[in-house]
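Peer 1: Pasting in a structure now, in structure tokens, and then I'll have a few things to ask.
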Amino acid sequence: MPDRPDPGHSRVDTIEAIDDLNADLARRHTTTTSRGATVPAAVVDADLAAVGRDGYVILDHLLTESECEDIRAAVTSLLDRTGRNTFEGRQTQRVYSVLNKTRACDRLVDHPRVLALLDRLLLPNYLLSQLQVINILPGENAQLLHPDDGMYPVPRPRPPLSAATVWAIDGFTQDNGATVVLPDSHRWGDGRRPTQDDVGVKAVMPPGSCLFFVGTLWHGGGANGSDHARLAVTAQYCQPWLRPQEAFTLSTTRDTVRVVSEDIRRMLGYSIHPPFIGMVDGMHPKRLLDAPP
């Protein structure tokens with residue numbers, strides 16, 4: 001390679017086994033430690049146990065009331081259109097390409113409590129698959145129940161290929177569109193679909209809380225029978241060898257990539273899944289950020 005070897009990085013020029021390729025191509029941009037490492041192991045163990053049992057866990061009060069209000073103020077002006085079909089929601093407002101429009105949601109994408117779970121469930125250098133603001137208006141019907149990783153043609157049951165979060169900026173109640181989850185449905189095999197006998201659970205939670213679930217869990221936005229909108233932010237993540245739902249390397253400018261956290265930068269695809277998934281011109285993609293703006 002044309003780069004100088006990193007003195008702290010062993011160099012392997014003779015490849016005798018596939019594992020010999022598991023090194024940073026540029027020998028310059030080594031993998032950084034996730035902020036999830038700051039969360040006590042006992043806390044992560046408890047969260048992970050709940051996810052393993054039910055397919056989801058509710059993490060209460062991760063954001064303060066003030067932080068929720070900051071997010072609300074930043075995204076309200078962006079809520080200018082409703083869904084294009086019944087899945088997106090005819091009475092549901094959605095904002096895509098959020099990272100290019102506001103920094104207010106960054107703290108949700110890279111929250112240490114979420115990263116700590118992702119660090120256990122997915123391979124290193126997992127990717128951000130999607131980031132949306134979702135505002136369910138009064139009168140919206142319940143969304144079609146679905147698993148988030150259903151677009152990946154891998155037989156079920158299977159280990160999670162992805163995971164998702166839904167952050168309550170407004171409190172989620174029994175009647176305002178709280179996300180509905182089907183406990184234990186993350187274990188279902190191919191061909192199994194929800195029936196009338198499957199009891200859904202509404203993810204009722206106070207503002208600033210987060211619903212975390214694996215991509216195999218069947219779930220959907222609830223019907224909003226209240227008089228008020230229900231504002232939420234959802235971030236989804238996937239294995240580093242999968243194609244994300246949103247092509248962030250195209251939708252997010254390099255100026256934005258330069259100012260987000262290292263965790264988000266890595267999850268946007270400025271990282272490599274060894275030996276060379278994600279490379280650019282044979283080198284680490286962070287090289288693109290070394291050039292002047």
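Residue numbering restarts at 1 for every chain of the structure tokens, chains are lettered A, B, ... in their displayed order, and ligands are numbered from 1 as they appear.
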Any idea what's packed within 7 Å of Val204 in chain A, counting only C-alpha atoms, ignoring anything in its chain fewer than 3 positions away? Could you give it as an mmCIF file with all heavy atoms, in the first residue's frame?
Peer 2:
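Generated output (part30.cif):
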```cif
data_model
loop_
_atom_site.group_PDB
_atom_site.id
_atom_site.type_symbol
_atom_site.label_atom_id
_atom_site.label_comp_id
_atom_site.auth_asym_id
_atom_site.auth_seq_id
_atom_site.Cartn_x
_atom_site.Cartn_y
_atom_site.Cartn_z
ATOM 1 N N PHE A 172 -44.864 8.494 25.271
ATOM 2 C CA PHE A 172 -45.669 7.495 24.571
ATOM 3 C C PHE A 172 -46.747 7.000 25.536
ATOM 4 O O PHE A 172 -46.438 6.484 26.616
ATOM 5 C CB PHE A 172 -44.803 6.312 24.138
ATOM 6 C CG PHE A 172 -43.980 6.557 22.896
ATOM 7 C CD1 PHE A 172 -43.601 7.827 22.502
ATOM 8 C CD2 PHE A 172 -43.554 5.480 22.131
ATOM 9 C CE1 PHE A 172 -42.844 8.039 21.355
ATOM 10 C CE2 PHE A 172 -42.789 5.667 20.982
ATOM 11 C CZ PHE A 172 -42.434 6.948 20.591
ATOM 12 N N THR A 173 -48.016 7.121 25.125
ATOM 13 C CA THR A 173 -49.137 6.720 25.977
ATOM 14 C C THR A 173 -49.921 5.586 25.307
ATOM 15 O O THR A 173 -49.632 5.186 24.184
ATOM 16 C CB THR A 173 -50.075 7.907 26.248
ATOM 17 O OG1 THR A 173 -50.747 8.266 25.031
ATOM 18 C CG2 THR A 173 -49.300 9.107 26.780
ATOM 19 N N GLN A 174 -50.942 5.128 25.991
ATOM 20 C CA GLN A 174 -51.759 4.038 25.469
ATOM 21 C C GLN A 174 -52.539 4.439 24.223
ATOM 22 O O GLN A 174 -52.903 3.585 23.414
ATOM 23 C CB GLN A 174 -52.748 3.557 26.545
ATOM 24 C CG GLN A 174 -52.117 2.768 27.676
ATOM 25 C CD GLN A 174 -51.685 1.369 27.242
ATOM 26 O OE1 GLN A 174 -52.086 0.868 26.199
ATOM 27 N NE2 GLN A 174 -50.849 0.735 28.052
ATOM 28 N N ALA A 178 -48.088 5.070 20.551
ATOM 29 C CA ALA A 178 -46.915 4.361 21.066
ATOM 30 C C ALA A 178 -46.608 3.149 20.205
ATOM 31 O O ALA A 178 -47.519 2.459 19.728
ATOM 32 C CB ALA A 178 -47.157 3.921 22.513
#
```
Peer 1: Using only C-alpha atoms, which of the listed residues (A:Arg113, A:Lys202, A:Arg94, A:Arg107) sits closest to Leu182 in chain A?
Peer 2: A:Lys202
Peer 1: Using only C-alpha atoms, find each residue in range 84-125 of chain A having at least one atom no more than 7 Å away from range 138-155 of chain A; report its shortest atom-to-atom pair and that distance in Å (one decimal), rows by chain then rising number, as a tab-separated table.
Peer 2:
```
residue	atom	partner	partner_atom	distance
A:Phe87	CA	A:Gln143	CA	5.9
A:Gln91	CA	A:Glu140	CA	5.1
A:Thr92	CA	A:Glu140	CA	6.9
```
Peer 1: Dump N, CA and C atoms for the selected residues as a tab-separated table (two decimals), in the first residue's frame?
Peer 2:
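Wrote result35.tsv, looks like this:
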```
chain	number	residue	atom	x	y	z
A	87	PHE	N	-47.91	2.69	4.85
A	87	PHE	CA	-46.83	2.23	5.71
A	87	PHE	C	-46.10	3.42	6.32
A	91	GLN	N	-51.10	10.14	7.85
A	91	GLN	CA	-51.17	11.19	8.87
A	91	GLN	C	-49.91	11.17	9.74
A	92	THR	N	-48.80	10.81	9.13
A	92	THR	CA	-47.52	10.76	9.83
A	92	THR	C	-46.49	11.58	9.08
```
Peer 1: Step one, run DSSP on the backbone; step two, keep only residues of range 100-236 of chain A assigned to alpha helix (DSSP H); then write them as a PyMOL selection string.
Peer 2: chain A and resi 106-109+112-121
Peer 1: Find the residues around Pro207 in chain A up to 7 Å (only C-alpha atoms counted), leave out those fewer than 3 positions away in its own chain, and share them as a ChimeraX atom specification.
Peer 2: /A:61,168-171
Peer 1: Write the residues of the preceding selection, restricted to N, CA and C atoms, as a compact mmCIF listing (two decimals), in the first residue's frame.
Peer 2:
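Output (again_30.txt):
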```txt
# COMPACT_ATOMS: atom_id res chain seq x y z
N HIS A 61 -35.76 7.56 30.67
CA HIS A 61 -35.17 8.83 31.08
C HIS A 61 -33.69 8.98 30.70
N ALA A 168 -38.63 8.56 22.52
CA ALA A 168 -39.84 9.32 22.82
C ALA A 168 -39.48 10.77 23.14
N ILE A 169 -39.75 11.67 22.19
CA ILE A 169 -39.58 13.09 22.47
C ILE A 169 -40.84 13.59 23.17
N ASP A 170 -42.00 13.14 22.71
CA ASP A 170 -43.24 13.21 23.49
C ASP A 170 -43.37 11.90 24.25
N GLY A 171 -44.03 11.95 25.39
CA GLY A 171 -44.29 10.71 26.10
C GLY A 171 -45.16 9.78 25.26
```
Peer 1: Within 9 Å of range 34-50 of chain A, which residues of range 114-140 of chain A show up? Give each one with its shortest atom-to-atom distance in Å (one decimal) and the two atoms involved, counting only C-alpha atoms, rows by chain then rising residue number, as a Markdown table.
Peer 2:
```
| residue | atom | partner | partner_atom | distance |
| --- | --- | --- | --- | --- |
| A:Val114 | CA | A:Gly36 | CA | 7.1 |
| A:Leu115 | CA | A:Gly36 | CA | 4.6 |
| A:Ala116 | CA | A:Gly36 | CA | 3.8 |
| A:Leu117 | CA | A:Val44 | CA | 6.4 |
| A:Leu118 | CA | A:Gly36 | CA | 8.2 |
| A:Asp119 | CA | A:Gly36 | CA | 7.0 |
| A:Arg120 | CA | A:Leu48 | CA | 8.1 |
| A:Leu121 | CA | A:Leu48 | CA | 8.5 |
```
Peer 1: Please report the interatomic distance between CA of Pro159 in chain A and CA of Leu211 in chain A in Å with one decimal.
Peer 2: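 Separating CA of Pro159 in chain A from CA of Leu211 in chain A is a distance of 19.2 Å.
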